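*Asks:* Hey, dropping upload-v9.pdb in here, PDB, N, CA, C and O atoms:
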```pdb
ATOM      1  N   MET A  27      12.527 -96.540-298.639
ATOM      2  CA  MET A  27      11.266 -95.923-298.308
ATOM      3  C   MET A  27      11.518 -94.469-297.906
ATOM      4  O   MET A  27      12.369 -94.183-297.081
ATOM      5  N   SER A  28      10.739 -93.592-298.448
ATOM      6  CA  SER A  28      10.953 -92.177-298.160
ATOM      7  C   SER A  28      10.267 -91.792-296.852
ATOM      8  O   SER A  28       9.411 -92.504-296.326
ATOM      9  N   ARG A  29      10.650 -90.647-296.341
ATOM     10  CA  ARG A  29      10.100 -90.153-295.082
ATOM     11  C   ARG A  29       8.590 -89.899-295.194
ATOM     12  O   ARG A  29       7.832 -90.193-294.269
ATOM     13  N   THR A  30       8.144 -89.397-296.309
ATOM     14  CA  THR A  30       6.728 -89.120-296.522
ATOM     15  C   THR A  30       5.909 -90.408-296.459
ATOM     16  O   THR A  30       4.817 -90.432-295.879
ATOM     17  N   ARG A  31       6.427 -91.449-297.036
ATOM     18  CA  ARG A  31       5.736 -92.734-297.027
ATOM     19  C   ARG A  31       5.632 -93.291-295.604
ATOM     20  O   ARG A  31       4.591 -93.848-295.226
ATOM     21  N   ILE A  32       6.677 -93.150-294.835
ATOM     22  CA  ILE A  32       6.668 -93.631-293.444
ATOM     23  C   ILE A  32       5.632 -92.855-292.633
ATOM     24  O   ILE A  32       4.858 -93.431-291.869
ATOM     25  N   VAL A  33       5.597 -91.549-292.821
ATOM     26  CA  VAL A  33       4.632 -90.711-292.103
ATOM     27  C   VAL A  33       3.209 -91.097-292.491
ATOM     28  O   VAL A  33       2.319 -91.170-291.642
ATOM     29  N   ARG A  34       2.971 -91.368-293.755
ATOM     30  CA  ARG A  34       1.639 -91.790-294.192
ATOM     31  C   ARG A  34       1.217 -93.082-293.500
ATOM     32  O   ARG A  34       0.084 -93.223-293.068
ATOM     33  N   TRP A  35       2.127 -94.048-293.444
ATOM     34  CA  TRP A  35       1.809 -95.321-292.784
ATOM     35  C   TRP A  35       1.583 -95.126-291.287
ATOM     36  O   TRP A  35       0.680 -95.714-290.699
ATOM     37  N   LEU A  36       2.383 -94.294-290.660
ATOM     38  CA  LEU A  36       2.225 -94.053-289.234
ATOM     39  C   LEU A  36       0.921 -93.328-288.927
ATOM     40  O   LEU A  36       0.320 -93.563-287.879
ATOM     41  N   ARG A  37       0.481 -92.464-289.826
ATOM     42  CA  ARG A  37      -0.798 -91.767-289.626
ATOM     43  C   ARG A  37      -1.962 -92.754-289.611
ATOM     44  O   ARG A  37      -2.999 -92.489-289.001
ATOM     45  N   VAL A  38      -1.824 -93.863-290.261
ATOM     46  CA  VAL A  38      -2.870 -94.891-290.262
ATOM     47  C   VAL A  38      -2.658 -95.875-289.114
ATOM     48  O   VAL A  38      -3.596 -96.240-288.403
ATOM     49  N   LEU A  39      -1.421 -96.316-288.913
ATOM     50  CA  LEU A  39      -1.139 -97.376-287.948
ATOM     51  C   LEU A  39      -1.255 -96.922-286.489
ATOM     52  O   LEU A  39      -1.787 -97.663-285.657
ATOM     53  N   LEU A  40      -0.771 -95.746-286.161
ATOM     54  CA  LEU A  40      -0.794 -95.305-284.764
ATOM     55  C   LEU A  40      -2.206 -95.167-284.203
ATOM     56  O   LEU A  40      -2.470 -95.648-283.092
ATOM     57  N   PRO A  41      -3.151 -94.568-284.907
ATOM     58  CA  PRO A  41      -4.518 -94.545-284.371
ATOM     59  C   PRO A  41      -5.130 -95.948-284.246
ATOM     60  O   PRO A  41      -5.876 -96.226-283.310
ATOM     61  N   LEU A  42      -4.797 -96.841-285.186
ATOM     62  CA  LEU A  42      -5.305 -98.214-285.090
ATOM     63  C   LEU A  42      -4.733 -98.932-283.878
ATOM     64  O   LEU A  42      -5.441 -99.675-283.183
ATOM     65  N   VAL A  43      -3.472 -98.717-283.585
ATOM     66  CA  VAL A  43      -2.855 -99.316-282.403
ATOM     67  C   VAL A  43      -3.490 -98.747-281.132
ATOM     68  O   VAL A  43      -3.796 -99.485-280.194
ATOM     69  N   ALA A  44      -3.722 -97.453-281.103
ATOM     70  CA  ALA A  44      -4.361 -96.840-279.937
ATOM     71  C   ALA A  44      -5.773 -97.377-279.760
ATOM     72  O   ALA A  44      -6.207 -97.674-278.630
ATOM     73  N   LEU A  45      -6.514 -97.531-280.833
ATOM     74  CA  LEU A  45      -7.860 -98.088-280.762
ATOM     75  C   LEU A  45      -7.828 -99.525-280.262
ATOM     76  O   LEU A  45      -8.664 -99.923-279.445
ATOM     77  N   ALA A  46      -6.875-100.299-280.714
ATOM     78  CA  ALA A  46      -6.742-101.677-280.253
ATOM     79  C   ALA A  46      -6.406-101.733-278.762
ATOM     80  O   ALA A  46      -6.949-102.558-278.023
ATOM     81  N   MET A  47      -5.544-100.832-278.299
ATOM     82  CA  MET A  47      -5.196-100.805-276.876
ATOM     83  C   MET A  47      -6.400-100.442-276.023
ATOM     84  O   MET A  47      -6.659-101.073-274.994
ATOM     85  N   LEU A  48      -7.164 -99.434-276.427
ATOM     86  CA  LEU A  48      -8.360 -99.055-275.677
ATOM     87  C   LEU A  48      -9.403-100.158-275.699
ATOM     88  O   LEU A  48     -10.064-100.429-274.692
ATOM     89  N   SER A  49      -9.561-100.810-276.833
ATOM     90  CA  SER A  49     -10.541-101.895-276.933
ATOM     91  C   SER A  49     -10.187-103.040-275.995
ATOM     92  O   SER A  49     -11.062-103.573-275.305
ATOM     93  N   THR A  50      -8.927-103.421-275.949
ATOM     94  CA  THR A  50      -8.542-104.515-275.061
ATOM     95  C   THR A  50      -8.655-104.105-273.600
ATOM     96  O   THR A  50      -8.987-104.929-272.751
ATOM     97  N   MET A  51      -8.425-102.825-273.305
ATOM     98  CA  MET A  51      -8.556-102.374-271.923
ATOM     99  C   MET A  51      -9.997-102.538-271.445
ATOM    100  O   MET A  51     -10.250-103.013-270.339
ATOM    101  N   PHE A  52     -10.980-102.181-272.263
ATOM    102  CA  PHE A  52     -12.370-102.325-271.877
ATOM    103  C   PHE A  52     -12.863-103.763-272.027
ATOM    104  O   PHE A  52     -13.738-104.198-271.297
ATOM    105  N   LEU A  53     -12.308-104.506-272.964
ATOM    106  CA  LEU A  53     -12.737-105.880-273.187
ATOM    107  C   LEU A  53     -12.315-106.792-272.042
ATOM    108  O   LEU A  53     -13.082-107.644-271.593
ATOM    109  N   PHE A  54     -11.117-106.593-271.543
ATOM    110  CA  PHE A  54     -10.589-107.464-270.495
ATOM    111  C   PHE A  54     -10.622-106.839-269.107
ATOM    112  O   PHE A  54      -9.980-107.336-268.189
ATOM    113  N   SER A  55     -11.352-105.773-268.940
ATOM    114  CA  SER A  55     -11.424-105.143-267.618
ATOM    115  C   SER A  55     -12.232-106.017-266.664
ATOM    116  O   SER A  55     -13.069-106.820-267.079
ATOM    117  N   ARG A  56     -11.977-105.849-265.386
ATOM    118  CA  ARG A  56     -12.711-106.605-264.377
ATOM    119  C   ARG A  56     -14.124-106.067-264.253
ATOM    120  O   ARG A  56     -14.373-104.890-264.427
ATOM    121  N   ARG A  57     -15.012-106.951-263.872
ATOM    122  CA  ARG A  57     -16.388-106.523-263.661
ATOM    123  C   ARG A  57     -16.470-105.774-262.337
ATOM    124  O   ARG A  57     -15.844-106.134-261.357
ATOM    125  N   SER A  58     -17.298-104.730-262.315
ATOM    126  CA  SER A  58     -17.454-103.966-261.092
ATOM    127  C   SER A  58     -18.441-104.679-260.180
ATOM    128  O   SER A  58     -19.345-105.375-260.632
ATOM    129  N   ASP A  59     -18.270-104.486-258.909
ATOM    130  CA  ASP A  59     -19.145-105.094-257.926
ATOM    131  C   ASP A  59     -20.395-104.242-257.783
ATOM    132  O   ASP A  59     -20.354-103.161-257.217
ATOM    133  N   THR A  60     -21.515-104.731-258.310
ATOM    134  CA  THR A  60     -22.745-103.956-258.254
ATOM    135  C   THR A  60     -23.374-103.982-256.874
ATOM    136  O   THR A  60     -24.227-103.165-256.560
ATOM    137  N   GLU A  61     -22.944-104.887-256.031
ATOM    138  CA  GLU A  61     -23.490-104.995-254.682
ATOM    139  C   GLU A  61     -22.697-104.178-253.661
ATOM    140  O   GLU A  61     -23.038-104.178-252.488
ATOM    141  N   SER A  62     -21.630-103.537-254.101
ATOM    142  CA  SER A  62     -20.827-102.771-253.151
ATOM    143  C   SER A  62     -21.618-101.575-252.644
ATOM    144  O   SER A  62     -22.394-100.963-253.362
ATOM    145  N   ARG A  63     -21.397-101.260-251.382
ATOM    146  CA  ARG A  63     -22.095-100.143-250.755
ATOM    147  C   ARG A  63     -21.075 -99.196-250.162
ATOM    148  O   ARG A  63     -19.974 -99.581-249.817
ATOM    149  N   ILE A  64     -21.479 -97.972-250.024
ATOM    150  CA  ILE A  64     -20.627 -96.991-249.377
ATOM    151  C   ILE A  64     -20.686 -97.284-247.884
ATOM    152  O   ILE A  64     -21.774 -97.336-247.304
ATOM    153  N   PRO A  65     -19.562 -97.481-247.204
ATOM    154  CA  PRO A  65     -19.600 -97.904-245.808
ATOM    155  C   PRO A  65     -20.172 -96.859-244.846
ATOM    156  O   PRO A  65     -20.713 -97.208-243.812
ATOM    157  N   TYR A  66     -20.091 -95.592-245.177
ATOM    158  CA  TYR A  66     -20.552 -94.569-244.252
ATOM    159  C   TYR A  66     -21.966 -94.081-244.573
ATOM    160  O   TYR A  66     -22.460 -93.182-243.933
ATOM    161  N   ALA A  67     -22.623 -94.657-245.561
ATOM    162  CA  ALA A  67     -23.972 -94.241-245.928
ATOM    163  C   ALA A  67     -24.999 -95.151-245.251
ATOM    164  O   ALA A  67     -25.717 -95.885-245.901
ATOM    165  N   GLU A  68     -25.073 -95.099-243.945
ATOM    166  CA  GLU A  68     -26.003 -95.935-243.202
ATOM    167  C   GLU A  68     -27.249 -95.168-242.775
ATOM    168  O   GLU A  68     -27.972 -95.611-241.902
ATOM    169  N   VAL A  69     -27.504 -94.005-243.356
ATOM    170  CA  VAL A  69     -28.679 -93.219-243.001
ATOM    171  C   VAL A  69     -29.872 -93.696-243.818
ATOM    172  O   VAL A  69     -29.723 -94.284-244.879
ATOM    173  N   GLU A  70     -31.049 -93.430-243.329
ATOM    174  CA  GLU A  70     -32.265 -93.813-244.030
ATOM    175  C   GLU A  70     -32.632 -92.706-245.015
ATOM    176  O   GLU A  70     -33.410 -91.806-244.702
ATOM    177  N   ALA A  71     -32.090 -92.748-246.198
ATOM    178  CA  ALA A  71     -32.253 -91.669-247.167
ATOM    179  C   ALA A  71     -33.702 -91.536-247.629
ATOM    180  O   ALA A  71     -34.214 -90.424-247.766
ATOM    181  N   GLU A  72     -34.359 -92.647-247.875
ATOM    182  CA  GLU A  72     -35.744 -92.573-248.352
ATOM    183  C   GLU A  72     -36.660 -91.982-247.286
ATOM    184  O   GLU A  72     -37.523 -91.155-247.583
ATOM    185  N   ALA A  73     -36.485 -92.393-246.042
ATOM    186  CA  ALA A  73     -37.317 -91.860-244.963
ATOM    187  C   ALA A  73     -37.036 -90.378-244.748
ATOM    188  O   ALA A  73     -37.957 -89.595-244.521
ATOM    189  N   ALA A  74     -35.791 -89.970-244.834
ATOM    190  CA  ALA A  74     -35.438 -88.568-244.653
ATOM    191  C   ALA A  74     -36.039 -87.720-245.769
ATOM    192  O   ALA A  74     -36.524 -86.607-245.522
ATOM    193  N   ALA A  75     -36.052 -88.226-246.988
ATOM    194  CA  ALA A  75     -36.630 -87.474-248.097
ATOM    195  C   ALA A  75     -38.153 -87.399-247.970
ATOM    196  O   ALA A  75     -38.756 -86.370-248.271
ATOM    197  N   ARG A  76     -38.770 -88.483-247.532
ATOM    198  CA  ARG A  76     -40.220 -88.519-247.383
ATOM    199  C   ARG A  76     -40.691 -87.565-246.284
ATOM    200  O   ARG A  76     -41.675 -86.857-246.424
ATOM    201  N   GLU A  77     -39.968 -87.528-245.168
ATOM    202  CA  GLU A  77     -40.351 -86.698-244.023
ATOM    203  C   GLU A  77     -39.869 -85.253-244.153
ATOM    204  O   GLU A  77     -40.317 -84.391-243.424
ATOM    205  N   GLY A  78     -38.946 -84.986-245.040
ATOM    206  CA  GLY A  78     -38.414 -83.644-245.201
ATOM    207  C   GLY A  78     -37.420 -83.269-244.123
ATOM    208  O   GLY A  78     -37.237 -82.092-243.831
ATOM    209  N   ARG A  79     -36.758 -84.236-243.526
ATOM    210  CA  ARG A  79     -35.789 -83.928-242.476
ATOM    211  C   ARG A  79     -34.370 -83.932-243.036
ATOM    212  O   ARG A  79     -34.102 -84.519-244.071
ATOM    213  N   ILE A  80     -33.511 -83.266-242.316
ATOM    214  CA  ILE A  80     -32.098 -83.204-242.675
ATOM    215  C   ILE A  80     -31.315 -83.885-241.568
ATOM    216  O   ILE A  80     -31.512 -83.595-240.391
ATOM    217  N   VAL A  81     -30.434 -84.794-241.936
ATOM    218  CA  VAL A  81     -29.627 -85.516-240.965
ATOM    219  C   VAL A  81     -28.306 -84.791-240.785
ATOM    220  O   VAL A  81     -27.627 -84.455-241.749
ATOM    221  N   ALA A  82     -27.941 -84.520-239.529
ATOM    222  CA  ALA A  82     -26.685 -83.874-239.145
ATOM    223  C   ALA A  82     -26.471 -82.519-239.820
ATOM    224  O   ALA A  82     -25.462 -82.287-240.475
ATOM    225  N   PRO A  83     -27.427 -81.579-239.673
ATOM    226  CA  PRO A  83     -27.214 -80.251-240.265
ATOM    227  C   PRO A  83     -26.134 -79.488-239.503
ATOM    228  O   PRO A  83     -25.944 -79.668-238.307
ATOM    229  N   ASP A  84     -25.427 -78.648-240.224
ATOM    230  CA  ASP A  84     -24.350 -77.845-239.642
ATOM    231  C   ASP A  84     -24.386 -76.470-240.311
ATOM    232  O   ASP A  84     -24.305 -76.372-241.529
ATOM    233  N   TYR A  85     -24.539 -75.427-239.520
ATOM    234  CA  TYR A  85     -24.628 -74.060-240.041
ATOM    235  C   TYR A  85     -23.622 -73.198-239.309
ATOM    236  O   TYR A  85     -23.561 -73.194-238.087
ATOM    237  N   SER A  86     -22.828 -72.452-240.068
ATOM    238  CA  SER A  86     -21.848 -71.538-239.488
ATOM    239  C   SER A  86     -21.950 -70.194-240.193
ATOM    240  O   SER A  86     -22.154 -70.134-241.402
ATOM    241  N   ALA A  87     -21.790 -69.126-239.409
ATOM    242  CA  ALA A  87     -21.860 -67.784-239.975
ATOM    243  C   ALA A  87     -21.113 -66.819-239.066
ATOM    244  O   ALA A  87     -20.689 -67.174-237.965
ATOM    245  N   VAL A  88     -20.982 -65.598-239.547
ATOM    246  CA  VAL A  88     -20.376 -64.523-238.772
ATOM    247  C   VAL A  88     -21.382 -63.381-238.733
ATOM    248  O   VAL A  88     -21.903 -62.958-239.763
ATOM    249  N   THR A  89     -21.674 -62.892-237.550
ATOM    250  CA  THR A  89     -22.632 -61.800-237.401
ATOM    251  C   THR A  89     -21.999 -60.487-237.850
ATOM    252  O   THR A  89     -20.779 -60.395-237.993
ATOM    253  N   PRO A  90     -22.816 -59.449-238.071
ATOM    254  CA  PRO A  90     -22.267 -58.158-238.524
ATOM    255  C   PRO A  90     -21.238 -57.555-237.563
ATOM    256  O   PRO A  90     -20.326 -56.838-237.996
ATOM    257  N   ASP A  91     -21.339 -57.861-236.256
ATOM    258  CA  ASP A  91     -20.356 -57.309-235.321
ATOM    259  C   ASP A  91     -19.118 -58.196-235.172
ATOM    260  O   ASP A  91     -18.243 -57.918-234.363
ATOM    261  N   GLY A  92     -19.022 -59.287-235.962
ATOM    262  CA  GLY A  92     -17.822 -60.120-235.979
ATOM    263  C   GLY A  92     -17.875 -61.357-235.110
ATOM    264  O   GLY A  92     -16.906 -62.112-235.059
ATOM    265  N   ALA A  93     -18.975 -61.617-234.428
ATOM    266  CA  ALA A  93     -19.086 -62.822-233.592
ATOM    267  C   ALA A  93     -19.369 -64.037-234.472
ATOM    268  O   ALA A  93     -20.103 -63.963-235.450
ATOM    269  N   ARG A  94     -18.755 -65.158-234.113
ATOM    270  CA  ARG A  94     -18.961 -66.398-234.860
ATOM    271  C   ARG A  94     -20.193 -67.121-234.326
ATOM    272  O   ARG A  94     -20.412 -67.196-233.121
ATOM    273  N   LEU A  95     -20.954 -67.681-235.247
ATOM    274  CA  LEU A  95     -22.176 -68.389-234.904
ATOM    275  C   LEU A  95     -22.104 -69.773-235.531
ATOM    276  O   LEU A  95     -21.815 -69.904-236.723
ATOM    277  N   SER A  96     -22.348 -70.824-234.736
ATOM    278  CA  SER A  96     -22.309 -72.190-235.243
ATOM    279  C   SER A  96     -23.454 -72.991-234.631
ATOM    280  O   SER A  96     -23.616 -73.011-233.413
ATOM    281  N   LEU A  97     -24.253 -73.622-235.483
ATOM    282  CA  LEU A  97     -25.372 -74.448-235.037
ATOM    283  C   LEU A  97     -25.196 -75.849-235.591
ATOM    284  O   LEU A  97     -24.960 -76.039-236.783
ATOM    285  N   ARG A  98     -25.344 -76.862-234.720
ATOM    286  CA  ARG A  98     -25.249 -78.269-235.125
ATOM    287  C   ARG A  98     -26.359 -79.034-234.446
ATOM    288  O   ARG A  98     -26.752 -78.726-233.326
ATOM    289  N   ALA A  99     -26.863 -80.070-235.140
ATOM    290  CA  ALA A  99     -27.926 -80.900-234.571
ATOM    291  C   ALA A  99     -27.813 -82.314-235.129
ATOM    292  O   ALA A  99     -27.142 -82.548-236.142
ATOM    293  N   ALA A 100     -28.458 -83.264-234.462
ATOM    294  CA  ALA A 100     -28.486 -84.635-234.963
ATOM    295  C   ALA A 100     -29.384 -84.724-236.190
ATOM    296  O   ALA A 100     -29.075 -85.411-237.157
ATOM    297  N   GLN A 101     -30.534 -84.017-236.143
ATOM    298  CA  GLN A 101     -31.418 -83.941-237.297
ATOM    299  C   GLN A 101     -32.279 -82.714-237.196
ATOM    300  O   GLN A 101     -32.457 -82.154-236.103
ATOM    301  N   ALA A 102     -32.825 -82.279-238.300
ATOM    302  CA  ALA A 102     -33.705 -81.110-238.335
ATOM    303  C   ALA A 102     -34.925 -81.445-239.166
ATOM    304  O   ALA A 102     -34.807 -82.073-240.223
ATOM    305  N   THR A 103     -36.101 -81.044-238.690
ATOM    306  CA  THR A 103     -37.344 -81.249-239.419
ATOM    307  C   THR A 103     -38.057 -79.914-239.556
ATOM    308  O   THR A 103     -37.937 -79.055-238.669
ATOM    309  N   PRO A 104     -38.827 -79.716-240.609
ATOM    310  CA  PRO A 104     -39.546 -78.463-240.755
ATOM    311  C   PRO A 104     -40.680 -78.388-239.746
ATOM    312  O   PRO A 104     -41.215 -79.391-239.293
ATOM    313  N   SER A 105     -41.041 -77.161-239.366
ATOM    314  CA  SER A 105     -42.132 -76.983-238.401
ATOM    315  C   SER A 105     -43.470 -77.284-239.051
ATOM    316  O   SER A 105     -43.590 -77.407-240.284
ATOM    317  N   ALA A 106     -44.511 -77.398-238.246
ATOM    318  CA  ALA A 106     -45.846 -77.729-238.757
ATOM    319  C   ALA A 106     -46.374 -76.628-239.667
ATOM    320  O   ALA A 106     -47.111 -76.893-240.611
ATOM    321  N   GLU A 107     -45.980 -75.357-239.426
ATOM    322  CA  GLU A 107     -46.442 -74.249-240.261
ATOM    323  C   GLU A 107     -45.707 -74.205-241.590
ATOM    324  O   GLU A 107     -46.099 -73.494-242.501
ATOM    325  N   GLY A 108     -44.590 -74.900-241.686
ATOM    326  CA  GLY A 108     -43.791 -74.882-242.928
ATOM    327  C   GLY A 108     -42.811 -73.748-243.002
ATOM    328  O   GLY A 108     -42.234 -73.478-244.033
ATOM    329  N   GLY A 109     -42.564 -73.060-241.918
ATOM    330  CA  GLY A 109     -41.670 -71.911-241.968
ATOM    331  C   GLY A 109     -40.584 -71.978-241.044
ATOM    332  O   GLY A 109     -39.763 -72.482-240.581
TER     333      GLY A 109
END
```
Just dump the structure as structure tokens.
*Replies:*
Amino acid sequence: MSRTRIVRWLRVLLPLVALAMLSTMFLFSRRSDTESRIPYAEVEAEAAAREGRIVAPDYSAVTPDGARLSLRAAQATPSAEGG
């Protein structure tokens, strides 16, 4: 068998082997747990979105004269005027 013939066969066989490996990886993979939850996401996201509040806001900046400014709160809600 000549080298050209071997290369021709490998050009067909190697992609087929790779496709077979990928297919079996997805075919026999474990099912994901659809009921799993993020352990630290215990906030009421729907209520926060409905009310327009932010949970645990954190703001940091530096003033023009070089002083550091940091603001933290448990939650923030917009004022009645919207501003």
*Asks:* Could you name the residues that touch A:Val81 at 7 Å or less, counting only C-alpha atoms, but leaving out those on the same chain fewer than 3 positions away, as a list in words?
*Replies:*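 The contact residues come out as Ala100, Gln101 and Ala102 of chain A.
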*Asks:* Atom CA of A:Asp84 and atom CA of A:Thr103 are how many Å apart?
*Replies:*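 These two atoms are separated by 13.4 Å.
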*Asks:* What's the 6 Å shell around stretch 104-108 of chain A, counting all atoms listed in the file, without same-chain residues fewer than 6 positions away, as a tab-separated table (two decimals) with N, CA, C and O atoms, keeping the file's coordinate frame?
*Replies:*
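Writing done, so here's part.tsv:
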```tsv
chain	number	residue	atom	x	y	z
A	77	GLU	N	-39.97	-87.53	-245.17
A	77	GLU	CA	-40.35	-86.70	-244.02
A	77	GLU	C	-39.87	-85.25	-244.15
A	77	GLU	O	-40.32	-84.39	-243.42
A	78	GLY	N	-38.95	-84.99	-245.04
A	78	GLY	CA	-38.41	-83.64	-245.20
A	78	GLY	C	-37.42	-83.27	-244.12
A	78	GLY	O	-37.24	-82.09	-243.83
A	79	ARG	N	-36.76	-84.24	-243.53
A	79	ARG	CA	-35.79	-83.93	-242.48
A	79	ARG	C	-34.37	-83.93	-243.04
A	79	ARG	O	-34.10	-84.52	-244.07
```
*Asks:* Tell me, as a list in words, which residues lie within 7 Å of A:Ser96, counting only N, CA, C and O atoms; anything in the same chain fewer than 4 positions away does not count.
*Replies:* Asp84, Tyr85, Ser86 and Ala87 of chain A
*Asks:* Suppose you want the space between atom O of A:Leu39 and atom O of A:Phe52; what is it in Å?
*Replies:*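 So the two atoms, atom O of A:Leu39 and atom O of A:Phe52, lie 19.8 Å apart.
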